[in-house]
file query-v1.pdb (PDB, C-alpha atoms)
MODEL        1
ATOM      1  CA  MET G   1     233.900 -72.016  22.585
ATOM      2  CA  ASP G   2     232.584 -75.498  23.381
ATOM      3  CA  ARG G   3     228.955 -74.455  22.974
ATOM      4  CA  TYR G   4     229.568 -73.072  19.472
ATOM      5  CA  LEU G   5     231.593 -76.124  18.511
ATOM      6  CA  ASP G   6     228.632 -78.254  19.602
ATOM      7  CA  LEU G   7     226.370 -76.088  17.438
ATOM      8  CA  LEU G   8     228.469 -76.521  14.312
ATOM      9  CA  ARG G   9     228.978 -80.255  14.819
ATOM     10  CA  TYR G  10     225.268 -80.753  15.466
ATOM     11  CA  TYR G  11     224.219 -79.137  12.174
ATOM     12  CA  GLU G  12     227.017 -80.771  10.191
ATOM     13  CA  LYS G  13     225.577 -84.106  11.270
ATOM     14  CA  LEU G  14     221.907 -83.089  10.981
ATOM     15  CA  VAL G  15     221.976 -81.987   7.342
ATOM     16  CA  ARG G  16     223.424 -85.399   6.354
ATOM     17  CA  ASP G  17     220.791 -87.368   8.289
ATOM     18  CA  SER G  18     218.170 -88.836   5.948
ATOM     19  CA  SER G  19     215.841 -89.387   8.905
ATOM     20  CA  PHE G  20     215.823 -85.625   9.519
ATOM     21  CA  HIS G  21     214.697 -84.949   5.966
ATOM     22  CA  LYS G  22     212.045 -87.651   6.316
ATOM     23  CA  PHE G  23     210.798 -85.907   9.472
ATOM     24  CA  ASN G  24     210.479 -82.586   7.589
ATOM     25  CA  LYS G  25     208.730 -84.112   4.584
ATOM     26  CA  GLU G  26     206.213 -86.061   6.667
ATOM     27  CA  MET G  27     205.308 -82.893   8.566
ATOM     28  CA  ALA G  28     204.836 -81.014   5.277
ATOM     29  CA  ILE G  29     202.544 -83.773   3.950
ATOM     30  CA  GLU G  30     200.485 -83.710   7.161
ATOM     31  CA  LEU G  31     200.086 -79.929   7.008
ATOM     32  CA  TRP G  32     199.247 -80.016   3.298
ATOM     33  CA  GLY G  33     196.491 -82.569   3.873
ATOM     34  CA  ALA G  34     195.015 -80.654   6.829
ATOM     35  CA  PHE G  35     195.001 -77.360   4.906
ATOM     36  CA  ASN G  36     193.371 -79.020   1.907
ATOM     37  CA  THR G  37     190.633 -80.465   4.110
ATOM     38  CA  SER G  38     190.032 -77.106   5.788
ATOM     39  CA  LEU G  39     189.739 -75.398   2.421
ATOM     40  CA  SER G  40     187.249 -77.968   1.151
ATOM     41  CA  LEU G  41     185.129 -77.291   4.249
ATOM     42  CA  GLY G  42     185.265 -73.540   3.694
ATOM     43  CA  HIS G  43     187.247 -72.768   6.824
ATOM     44  CA  ARG G  44     188.690 -69.299   7.399
ATOM     45  CA  GLU G  45     192.386 -68.517   7.917
ATOM     46  CA  GLU G  46     192.043 -68.661  11.711
ATOM     47  CA  LYS G  47     190.934 -72.294  11.563
ATOM     48  CA  MET G  48     193.853 -73.190   9.294
ATOM     49  CA  VAL G  49     196.310 -71.489  11.646
ATOM     50  CA  LYS G  50     194.875 -73.620  14.450
ATOM     51  CA  GLU G  51     195.502 -76.708  12.297
ATOM     52  CA  PHE G  52     199.144 -75.656  12.019
ATOM     53  CA  VAL G  53     199.311 -75.306  15.812
ATOM     54  CA  ASN G  54     197.709 -78.701  16.440
ATOM     55  CA  ILE G  55     199.912 -80.569  13.966
ATOM     56  CA  THR G  56     203.255 -79.049  14.915
ATOM     57  CA  ASN G  57     202.843 -79.055  18.702
ATOM     58  CA  GLY G  58     204.710 -81.903  20.383
ATOM     59  CA  LYS G  59     206.702 -83.110  17.380
ATOM     60  CA  THR G  60     210.317 -84.052  18.150
ATOM     61  CA  PHE G  61     213.434 -85.231  16.358
ATOM     62  CA  ASN G  62     216.908 -85.756  17.844
ATOM     63  CA  GLY G  63     217.244 -82.553  19.866
ATOM     64  CA  ILE G  64     214.519 -80.671  17.968
ATOM     65  CA  SER G  65     211.185 -80.069  19.690
ATOM     66  CA  LEU G  66     208.167 -78.098  18.461
ATOM     67  CA  HIS G  67     205.937 -76.147  20.821
ATOM     68  CA  SER G  68     202.766 -74.467  19.554
ATOM     69  CA  LYS G  69     199.830 -72.754  21.207
ATOM     70  CA  PHE G  70     196.865 -70.690  20.066
ATOM     71  CA  ILE G  71     196.379 -67.843  22.540
ATOM     72  CA  HIS G  72     192.779 -66.680  22.608
ATOM     73  CA  GLY G  73     192.188 -62.998  23.186
ATOM     74  CA  THR G  74     191.673 -59.605  21.638
ATOM     75  CA  GLU G  75     193.134 -59.045  18.191
ATOM     76  CA  SER G  76     196.551 -57.425  18.602
ATOM     77  CA  ARG G  77     196.340 -54.207  16.584
ATOM     78  CA  VAL G  78     198.933 -51.455  16.351
ATOM     79  CA  LYS G  79     198.915 -47.887  15.052
ATOM     80  CA  PHE G  80     201.751 -46.649  12.861
ATOM     81  CA  PHE G  81     202.735 -44.156  10.202
ATOM     82  CA  SER G  82     201.292 -45.171   6.847
ATOM     83  CA  PRO G  83     200.976 -43.433   3.476
ATOM     84  CA  TYR G  84     197.611 -45.175   3.116
ATOM     85  CA  GLU G  85     194.231 -44.381   4.683
ATOM     86  CA  ASP G  86     194.162 -47.116   7.327
ATOM     87  CA  ASN G  87     197.067 -46.998   9.781
ATOM     88  CA  SER G  88     195.732 -49.484  12.353
ATOM     89  CA  ARG G  89     196.392 -53.166  11.669
ATOM     90  CA  GLU G  90     197.408 -56.427  13.328
ATOM     91  CA  LEU G  91     201.028 -57.480  12.871
ATOM     92  CA  GLY G  92     199.979 -60.985  11.868
ATOM     93  CA  ASP G  93     197.891 -63.960  12.923
ATOM     94  CA  ALA G  94     200.873 -66.217  13.706
ATOM     95  CA  LEU G  95     204.316 -65.935  15.231
ATOM     96  CA  VAL G  96     207.025 -68.428  14.254
ATOM     97  CA  ILE G  97     210.130 -68.650  16.442
ATOM     98  CA  SER G  98     213.408 -70.534  16.143
ATOM     99  CA  VAL G  99     215.582 -71.072  19.216
ATOM    100  CA  ILE G 100     219.000 -72.725  19.179
ATOM    101  CA  LYS G 101     220.260 -73.637  22.627
ATOM    102  CA  ARG G 102     222.830 -75.758  24.424
ATOM    103  CA  GLY G 103     221.254 -77.193  27.522
ATOM    104  CA  PRO G 104     219.407 -74.281  29.159
ATOM    105  CA  GLU G 105     221.587 -71.597  27.481
ATOM    106  CA  ILE G 106     220.094 -69.815  24.468
ATOM    107  CA  LEU G 107     222.650 -69.335  21.689
ATOM    108  CA  LEU G 108     220.412 -67.815  19.020
ATOM    109  CA  SER G 109     216.760 -66.869  18.515
ATOM    110  CA  LYS G 110     214.823 -65.712  15.463
ATOM    111  CA  VAL G 111     211.225 -64.588  15.030
ATOM    112  CA  CYS G 112     208.775 -63.949  12.181
ATOM    113  CA  PHE G 113     205.242 -62.511  12.133
ATOM    114  CA  ILE G 114     203.159 -64.260   9.483
ATOM    115  CA  GLN G 115     199.850 -63.080   8.030
ATOM    116  CA  HIS G 116     197.976 -65.942   6.376
ATOM    117  CA  LYS G 117     195.839 -65.320   3.304
ATOM    118  CA  LYS G 118     193.398 -67.685   1.584
ATOM    119  CA  ALA G 119     193.218 -67.593  -2.196
ATOM    120  CA  ALA G 120     190.225 -65.783  -3.634
ATOM    121  CA  LYS G 121     187.343 -68.004  -4.681
ATOM    122  CA  GLY G 122     186.785 -68.745  -8.342
ATOM    123  CA  GLY G 123     189.151 -68.561 -11.280
ATOM    124  CA  LYS G 124     191.684 -71.029 -12.603
ATOM    125  CA  LYS G 125     194.633 -69.421 -10.819
ATOM    126  CA  ASN G 126     195.241 -68.834  -7.130
ATOM    127  CA  SER G 127     195.142 -65.125  -6.323
ATOM    128  CA  TRP G 128     195.453 -63.254  -3.052
ATOM    129  CA  ASP G 129     194.259 -59.802  -2.029
ATOM    130  CA  ILE G 130     196.845 -57.836  -0.054
ATOM    131  CA  GLN G 131     196.054 -54.816   2.134
ATOM    132  CA  LYS G 132     198.723 -52.221   1.357
ATOM    133  CA  ASP G 133     198.732 -50.686   4.820
ATOM    134  CA  GLN G 134     199.442 -54.002   6.534
ATOM    135  CA  LEU G 135     202.052 -54.830   3.906
ATOM    136  CA  PHE G 136     203.710 -51.478   4.598
ATOM    137  CA  LEU G 137     203.806 -52.381   8.299
ATOM    138  CA  LEU G 138     205.211 -55.885   7.776
ATOM    139  CA  LYS G 139     207.863 -54.630   5.360
ATOM    140  CA  ASN G 140     209.084 -51.499   7.148
ATOM    141  CA  PHE G 141     208.114 -51.917  10.818
ATOM    142  CA  PRO G 142     207.877 -48.162  11.448
ATOM    143  CA  PRO G 143     207.622 -47.160  15.134
ATOM    144  CA  PHE G 144     204.215 -48.330  16.326
ATOM    145  CA  SER G 145     201.921 -48.005  19.321
ATOM    146  CA  GLY G 146     199.523 -50.584  20.650
ATOM    147  CA  VAL G 147     195.792 -50.187  20.081
ATOM    148  CA  CYS G 148     194.616 -53.402  21.721
ATOM    149  CA  GLY G 149     195.798 -56.912  22.547
ATOM    150  CA  ILE G 150     199.439 -57.816  23.153
ATOM    151  CA  PHE G 151     200.796 -54.334  22.429
ATOM    152  CA  SER G 152     198.135 -52.445  24.396
ATOM    153  CA  GLY G 153     199.615 -49.406  26.159
ATOM    154  CA  LYS G 154     202.895 -49.579  24.230
ATOM    155  CA  THR G 155     204.208 -46.494  22.444
ATOM    156  CA  ASP G 156     207.027 -46.042  19.924
ATOM    157  CA  VAL G 157     207.936 -49.728  19.770
ATOM    158  CA  ILE G 158     210.979 -50.333  17.576
ATOM    159  CA  PHE G 159     211.540 -53.748  15.976
ATOM    160  CA  ARG G 160     214.630 -54.032  13.771
ATOM    161  CA  ASN G 161     214.164 -55.861  10.495
ATOM    162  CA  ASP G 162     217.653 -56.186   9.015
ATOM    163  CA  SER G 163     216.824 -59.538   7.421
ATOM    164  CA  GLY G 164     213.697 -58.274   5.674
ATOM    165  CA  CYS G 165     211.971 -61.327   7.110
ATOM    166  CA  LEU G 166     210.460 -60.167  10.398
ATOM    167  CA  GLY G 167     207.167 -59.840   8.536
ATOM    168  CA  ALA G 168     205.881 -62.327   5.954
ATOM    169  CA  TYR G 169     202.799 -63.877   4.362
ATOM    170  CA  GLY G 170     201.545 -67.436   4.263
ATOM    171  CA  LEU G 171     199.690 -67.652   0.946
ATOM    172  CA  LEU G 172     197.232 -70.555   1.146
ATOM    173  CA  GLY G 173     196.450 -72.059  -2.253
ATOM    174  CA  ASN G 174     193.266 -73.863  -3.225
ATOM    175  CA  ASN G 175     195.075 -77.226  -3.290
ATOM    176  CA  GLY G 176     196.228 -77.008   0.349
ATOM    177  CA  ASN G 177     199.718 -75.679  -0.315
ATOM    178  CA  MET G 178     201.193 -72.685   1.503
ATOM    179  CA  THR G 179     203.744 -70.354  -0.067
ATOM    180  CA  PHE G 180     205.852 -68.388   2.404
ATOM    181  CA  ALA G 181     207.082 -64.992   1.213
ATOM    182  CA  SER G 182     208.601 -62.071   3.102
ATOM    183  CA  ALA G 183     206.845 -58.705   2.960
ATOM    184  CA  PRO G 184     209.565 -57.119   0.731
ATOM    185  CA  ILE G 185     209.061 -59.897  -1.831
ATOM    186  CA  ILE G 186     205.275 -59.420  -1.790
ATOM    187  CA  THR G 187     205.825 -55.675  -2.271
ATOM    188  CA  ASP G 188     207.924 -56.312  -5.375
ATOM    189  CA  LEU G 189     205.385 -58.762  -6.786
ATOM    190  CA  LEU G 190     202.406 -56.419  -6.363
ATOM    191  CA  LYS G 191     203.933 -53.695  -8.571
ATOM    192  CA  GLY G 192     201.483 -51.152  -7.164
ATOM    193  CA  ASN G 193     198.456 -53.453  -7.408
ATOM    194  CA  ASN G 194     196.350 -54.999  -4.636
ATOM    195  CA  ARG G 195     196.441 -58.623  -5.782
ATOM    196  CA  ILE G 196     199.036 -61.233  -6.738
ATOM    197  CA  ASN G 197     198.550 -64.647  -8.339
ATOM    198  CA  ASP G 198     200.318 -67.906  -9.156
ATOM    199  CA  GLU G 199     201.906 -66.441 -12.261
ATOM    200  CA  ASP G 200     203.507 -63.619 -10.266
ATOM    201  CA  ILE G 201     205.009 -66.115  -7.822
ATOM    202  CA  SER G 202     206.263 -68.413 -10.584
ATOM    203  CA  TRP G 203     208.773 -65.765 -11.670
ATOM    204  CA  ILE G 204     210.585 -65.709  -8.336
ATOM    205  CA  ASP G 205     214.182 -66.896  -8.646
ATOM    206  CA  THR G 206     214.592 -69.078  -5.562
ATOM    207  CA  ILE G 207     218.269 -69.719  -6.294
ATOM    208  CA  ASN G 208     219.208 -66.067  -5.888
ATOM    209  CA  ILE G 209     217.093 -65.251  -2.829
ATOM    210  CA  ARG G 210     217.044 -68.513  -0.909
ATOM    211  CA  SER G 211     219.641 -68.190   1.877
ATOM    212  CA  GLY G 212     221.725 -65.079   2.343
ATOM    213  CA  GLN G 213     224.105 -64.452   5.214
ATOM    214  CA  LEU G 214     223.374 -61.840   7.877
ATOM    215  CA  SER G 215     225.679 -59.360   9.604
ATOM    216  CA  TYR G 216     225.552 -61.070  13.008
ATOM    217  CA  TYR G 217     227.405 -64.184  11.851
ATOM    218  CA  PRO G 218     230.985 -64.460  13.113
ATOM    219  CA  LEU G 219     232.467 -64.967   9.641
ATOM    220  CA  ILE G 220     231.417 -61.521   8.418
ATOM    221  CA  SER G 221     231.118 -59.433  11.572
ATOM    222  CA  GLY G 222     233.972 -57.611  13.298
ATOM    223  CA  ARG G 223     232.317 -57.546  16.705
ATOM    224  CA  PHE G 224     233.010 -61.166  17.658
ATOM    225  CA  SER G 225     236.220 -62.657  19.066
ATOM    226  CA  LYS G 226     238.947 -63.962  16.761
ATOM    227  CA  GLU G 227     238.499 -67.408  18.340
ATOM    228  CA  LEU G 228     234.824 -67.527  17.354
ATOM    229  CA  VAL G 229     235.531 -66.302  13.816
ATOM    230  CA  PHE G 230     238.277 -68.920  13.404
ATOM    231  CA  LEU G 231     235.980 -71.666  14.700
ATOM    232  CA  PHE G 232     233.297 -70.894  12.114
ATOM    233  CA  HIS G 233     235.903 -70.568   9.374
ATOM    234  CA  GLU G 234     237.553 -73.846  10.324
ATOM    235  CA  HIS G 235     234.283 -75.731  10.079
ATOM    236  CA  GLY G 236     233.419 -74.194   6.731
ATOM    237  CA  TRP G 237     229.999 -72.957   7.801
ATOM    238  CA  HIS G 238     228.014 -73.141   4.552
ATOM    239  CA  GLY G 239     225.589 -76.002   5.071
ATOM    240  CA  GLY G 240     222.340 -74.103   4.500
ATOM    241  CA  TYR G 241     221.473 -73.728   8.184
ATOM    242  CA  LEU G 242     221.038 -70.633  10.405
ATOM    243  CA  ARG G 243     220.710 -68.392   7.369
ATOM    244  CA  ASN G 244     217.997 -66.128   5.997
ATOM    245  CA  THR G 245     215.342 -67.683   3.779
ATOM    246  CA  THR G 246     212.742 -65.163   2.606
ATOM    247  CA  PHE G 247     210.759 -67.358   0.187
ATOM    248  CA  CYS G 248     209.504 -70.941   0.332
ATOM    249  CA  ARG G 249     207.522 -72.076  -2.690
ATOM    250  CA  ASP G 250     205.665 -74.803  -0.823
ATOM    251  CA  LEU G 251     205.255 -76.488   2.564
ATOM    252  CA  PHE G 252     208.204 -78.815   1.921
ATOM    253  CA  ASP G 253     210.504 -75.804   1.548
ATOM    254  CA  PHE G 254     208.994 -74.151   4.602
ATOM    255  CA  THR G 255     209.273 -77.047   7.057
ATOM    256  CA  ASN G 256     212.854 -77.737   5.964
ATOM    257  CA  ASN G 257     213.943 -74.113   6.350
ATOM    258  CA  TRP G 258     212.165 -73.668   9.673
ATOM    259  CA  MET G 259     213.811 -76.771  11.121
ATOM    260  CA  LEU G 260     217.221 -75.487   9.943
ATOM    261  CA  GLY G 261     216.736 -72.125  11.656
ATOM    262  CA  ASN G 262     216.493 -70.145   8.419
ATOM    263  CA  ILE G 263     213.200 -68.320   9.023
ATOM    264  CA  GLY G 264     212.869 -64.886  10.594
ATOM    265  CA  GLU G 265     214.731 -61.913  12.064
ATOM    266  CA  VAL G 266     217.434 -62.440  14.668
ATOM    267  CA  SER G 267     216.546 -61.168  18.148
ATOM    268  CA  PHE G 268     219.539 -62.679  19.988
ATOM    269  CA  ALA G 269     222.774 -64.237  18.747
ATOM    270  CA  PHE G 270     226.095 -65.355  20.193
ATOM    271  CA  GLY G 271     225.676 -63.594  23.535
ATOM    272  CA  GLU G 272     224.255 -60.344  22.158
ATOM    273  CA  SER G 273     220.764 -58.875  21.999
ATOM    274  CA  HIS G 274     220.321 -57.904  18.358
ATOM    275  CA  SER G 275     217.217 -55.793  18.984
ATOM    276  CA  SER G 276     216.266 -55.109  22.602
ATOM    277  CA  GLU G 277     212.502 -54.698  22.172
ATOM    278  CA  LEU G 278     212.253 -57.666  19.793
ATOM    279  CA  HIS G 279     214.420 -59.715  22.141
ATOM    280  CA  SER G 280     212.083 -58.894  25.023
ATOM    281  CA  PHE G 281     209.012 -59.768  22.949
ATOM    282  CA  THR G 282     210.525 -63.078  21.849
ATOM    283  CA  ARG G 283     211.192 -64.069  25.447
ATOM    284  CA  TRP G 284     207.618 -63.128  26.370
ATOM    285  CA  ALA G 285     206.336 -65.395  23.602
ATOM    286  CA  LEU G 286     208.538 -68.276  24.762
ATOM    287  CA  LYS G 287     207.097 -67.888  28.253
ATOM    288  CA  GLN G 288     203.576 -68.166  26.847
ATOM    289  CA  LEU G 289     204.589 -71.610  25.585
ATOM    290  CA  GLY G 290     205.798 -72.625  29.043
ATOM    291  CA  LEU G 291     209.419 -73.011  27.961
ATOM    292  CA  SER G 292     211.020 -71.502  31.069
ATOM    293  CA  GLU G 293     211.555 -75.029  32.345
ATOM    294  CA  ILE G 294     213.902 -76.007  29.512
ATOM    295  CA  MET G 295     215.814 -72.761  28.886
ATOM    296  CA  ASN G 296     217.059 -69.688  30.739
ATOM    297  CA  ILE G 297     214.674 -67.179  29.240
ATOM    298  CA  ASP G 298     215.413 -64.310  31.629
ATOM    299  CA  SER G 299     219.171 -64.747  32.010
ATOM    300  CA  ASN G 300     219.993 -62.894  28.780
ATOM    301  CA  LEU G 301     217.343 -60.172  28.972
ATOM    302  CA  ASP G 302     218.907 -56.751  29.229
ATOM    303  CA  ASN G 303     217.166 -54.053  31.262
ATOM    304  CA  GLU G 304     216.666 -51.809  28.244
ATOM    305  CA  GLY G 305     214.434 -54.283  26.463
ATOM    306  CA  HIS G 306     212.736 -55.839  29.467
ATOM    307  CA  SER G 307     209.136 -54.630  29.391
ATOM    308  CA  GLU G 308     205.715 -56.099  29.942
ATOM    309  CA  TRP G 309     203.513 -57.390  27.160
ATOM    310  CA  HIS G 310     199.812 -58.114  27.462
ATOM    311  CA  GLU G 311     197.479 -60.956  26.541
ATOM    312  CA  GLY G 312     196.142 -60.973  22.991
ATOM    313  CA  GLY G 313     195.020 -63.316  20.251
ATOM    314  CA  LEU G 314     197.951 -64.947  18.461
ATOM    315  CA  ALA G 315     199.172 -68.356  17.346
ATOM    316  CA  ILE G 316     202.738 -68.984  18.566
ATOM    317  CA  SER G 317     204.928 -71.821  17.283
ATOM    318  CA  ALA G 318     208.519 -72.349  18.414
ATOM    319  CA  MET G 319     211.130 -74.707  16.983
ATOM    320  CA  VAL G 320     213.633 -75.402  19.764
ATOM    321  CA  THR G 321     216.917 -77.129  18.912
ATOM    322  CA  ASP G 322     219.222 -78.319  21.681
ATOM    323  CA  VAL G 323     222.625 -78.863  20.094
ATOM    324  CA  HIS G 324     223.922 -80.516  23.274
ATOM    325  CA  THR G 325     221.479 -83.440  23.094
ATOM    326  CA  GLY G 326     221.481 -83.997  19.347
TER     327      GLY G 326
ENDMDL
END

call {"tool": "encode", "arguments": {"input": "query-v1.pdb", "output": "structure tokens"}}
result
Amino acid sequence: MDRYLDLLRYYEKLVRDSSFHKFNKEMAIELWGAFNTSLSLGHREEKMVKEFVNITNGKTFNGISLHSKFIHGTESRVKFFSPYEDNSRELGDALVISVIKRGPEILLSKVCFIQHKKAAKGGKKNSWDIQKDQLFLLKNFPPFSGVCGIFSGKTDVIFRNDSGCLGAYGLLGNNGNMTFASAPIITDLLKGNNRINDEDISWIDTINIRSGQLSYYPLISGRFSKELVFLFHEHGWHGGYLRNTTFCRDLFDFTNNWMLGNIGEVSFAFGESHSSELHSFTRWALKQLGLSEIMNIDSNLDNEGHSEWHEGGLAISAMVTDVHTG
């Protein structure tokens, strides 16, 4: 129980630390400025994703460390069931991971595929074109097979998406801002169309969708020990951390929620693999960042989900929080 007590005490202290919020805000300002510059120079999404990698990599704050890398290679495309004409797409151009650990032991990991989209040129409002087949993939994650890149040779891959936030979009506005929205939210906003704009996004009620609980948390799941449930209950776990945020209106919201472990689908939590294939893929991604030296990546891989993944083009960014050193 000591490791989970450390986790709760760490976050109870972190959310009250004004220096932590300063760290988040300064990172958001830096990203906003870099994106704005890239847009003014006419850069494509790939260049802006590289800016995100360059800015976030190496940042640290009191137990939190960011590790980012752009892996060059073939576009990672998959084939899947789709009601639309094109059923071969990439899962996303970036992968964002959150890892909570105590020393070398991983306590929790979350992952999110993000597809970045630049606003269309011209017009007074930001608007973004969305490909329905890729949206269908990022929302539903039907069984898929690899066409090329990372998933090459894979068949019938199953990624659970209980949170609705395994797949999301990074909508890049003409002023340098980025709005983060899960694929289910984008689906609702489109209303059968192929484009959304600022006005569509303005109607989103962030209060009602900001941070819901998930079934793996000890307070609401019957599969964890009574001691663990009591520990979380005793500490009144409600501080806005380790939850499920599916929409961030701007970069300030996004950096804050990422640093608090609120972004993405759970692949491993409290000693259990939540989704074996996704758990295996997450560990593969962490290895690409060279993180085997600071955490036991293989120690909690079950045989069912342990499979090889291949090289492919993808930006990977991991937020690693060590609750033992904070």

call {"tool": "residues_around", "arguments": {"input": "query-v1.pdb", "residues": "range 155-166 of chain G", "least_positions_apart": "5", "cutoff": "9 Å", "atoms": "all atoms listed in the file", "output": "number ranges by chain"}}
result
G: 80, 110-114, 138-146, 181-185, 212, 214-215, 244-246, 263-267, 274-278

call {"tool": "atom_distance", "arguments": {"input": "query-v1.pdb", "atom1": "CA of His116 in chain G", "atom2": "CA of Asp253 in chain G"}}
result
16.7 Å

call {"tool": "atom_distance", "arguments": {"input": "query-v1.pdb", "atom1": "CA of Asp2 in chain G", "atom2": "CA of Glu227 in chain G"}}
result
11.2 Å

call {"tool": "resolve_selection", "arguments": {"input": "query-v1.pdb", "expression": "the PyMOL selection byres ((chain G and resi 87) around 10)", "output": "MDAnalysis selection string"}}
result
chainID G and resid 77:86 88:89 133:134 136:137 144

call {"tool": "write_last_selection", "arguments": {"input": "query-v1.pdb", "atoms": "C-alpha atoms", "output": "tab-separated table (two decimals), in the frame of the given file"}}
result
chain	number	residue	atom	x	y	z
G	77	ARG	CA	196.34	-54.21	16.58
G	78	VAL	CA	198.93	-51.46	16.35
G	79	LYS	CA	198.92	-47.89	15.05
G	80	PHE	CA	201.75	-46.65	12.86
G	81	PHE	CA	202.74	-44.16	10.20
G	82	SER	CA	201.29	-45.17	6.85
G	83	PRO	CA	200.98	-43.43	3.48
G	84	TYR	CA	197.61	-45.18	3.12
G	85	GLU	CA	194.23	-44.38	4.68
G	86	ASP	CA	194.16	-47.12	7.33
G	88	SER	CA	195.73	-49.48	12.35
G	89	ARG	CA	196.39	-53.17	11.67
G	133	ASP	CA	198.73	-50.69	4.82
G	134	GLN	CA	199.44	-54.00	6.53
G	136	PHE	CA	203.71	-51.48	4.60
G	137	LEU	CA	203.81	-52.38	8.30
G	144	PHE	CA	204.22	-48.33	16.33

call {"tool": "resolve_selection", "arguments": {"input": "query-v1.pdb", "expression": "the PyMOL selection byres ((chain G and resi 195) around 7)", "output": "compact mmCIF listing (two decimals) with C-alpha atoms, in the coordinates of the input"}}
result
# COMPACT_ATOMS: atom_id res chain seq x y z
CA SER G 127 195.14 -65.12 -6.32
CA TRP G 128 195.45 -63.25 -3.05
CA ASP G 129 194.26 -59.80 -2.03
CA ILE G 130 196.84 -57.84 -0.05
CA LEU G 190 202.41 -56.42 -6.36
CA ASN G 193 198.46 -53.45 -7.41
CA ASN G 194 196.35 -55.00 -4.64
CA ILE G 196 199.04 -61.23 -6.74
CA ASN G 197 198.55 -64.65 -8.34

call {"tool": "atom_distance", "arguments": {"input": "query-v1.pdb", "atom1": "CA of Asp6 in chain G", "atom2": "CA of Gly271 in chain G"}}
result
15.5 Å

call {"tool": "closest_residue", "arguments": {"input": "query-v1.pdb", "among": "G:Leu41, G:Ile29, G:Val320, G:Met295", "to": "Glu105 in chain G", "atoms": "only C-alpha atoms"}}
result
G:Met295

call {"tool": "closest_residue", "arguments": {"input": "query-v1.pdb", "among": "G:Phe281, G:Phe20, G:Tyr10, G:Tyr241", "to": "Phe268 in chain G", "atoms": "all atoms listed in the file"}}
result
G:Phe281

call {"tool": "closest_residue", "arguments": {"input": "query-v1.pdb", "among": "G:Lys13, G:Ile150, G:Glu199, G:Gln115", "to": "Gly170 in chain G", "atoms": "all atoms listed in the file"}}
result
G:Gln115

call {"tool": "closest_residue", "arguments": {"input": "query-v1.pdb", "among": "G:Gly167, G:Gly240, G:Gly312, G:Gly153", "to": "Phe180 in chain G", "atoms": "only C-alpha atoms"}}
result
G:Gly167
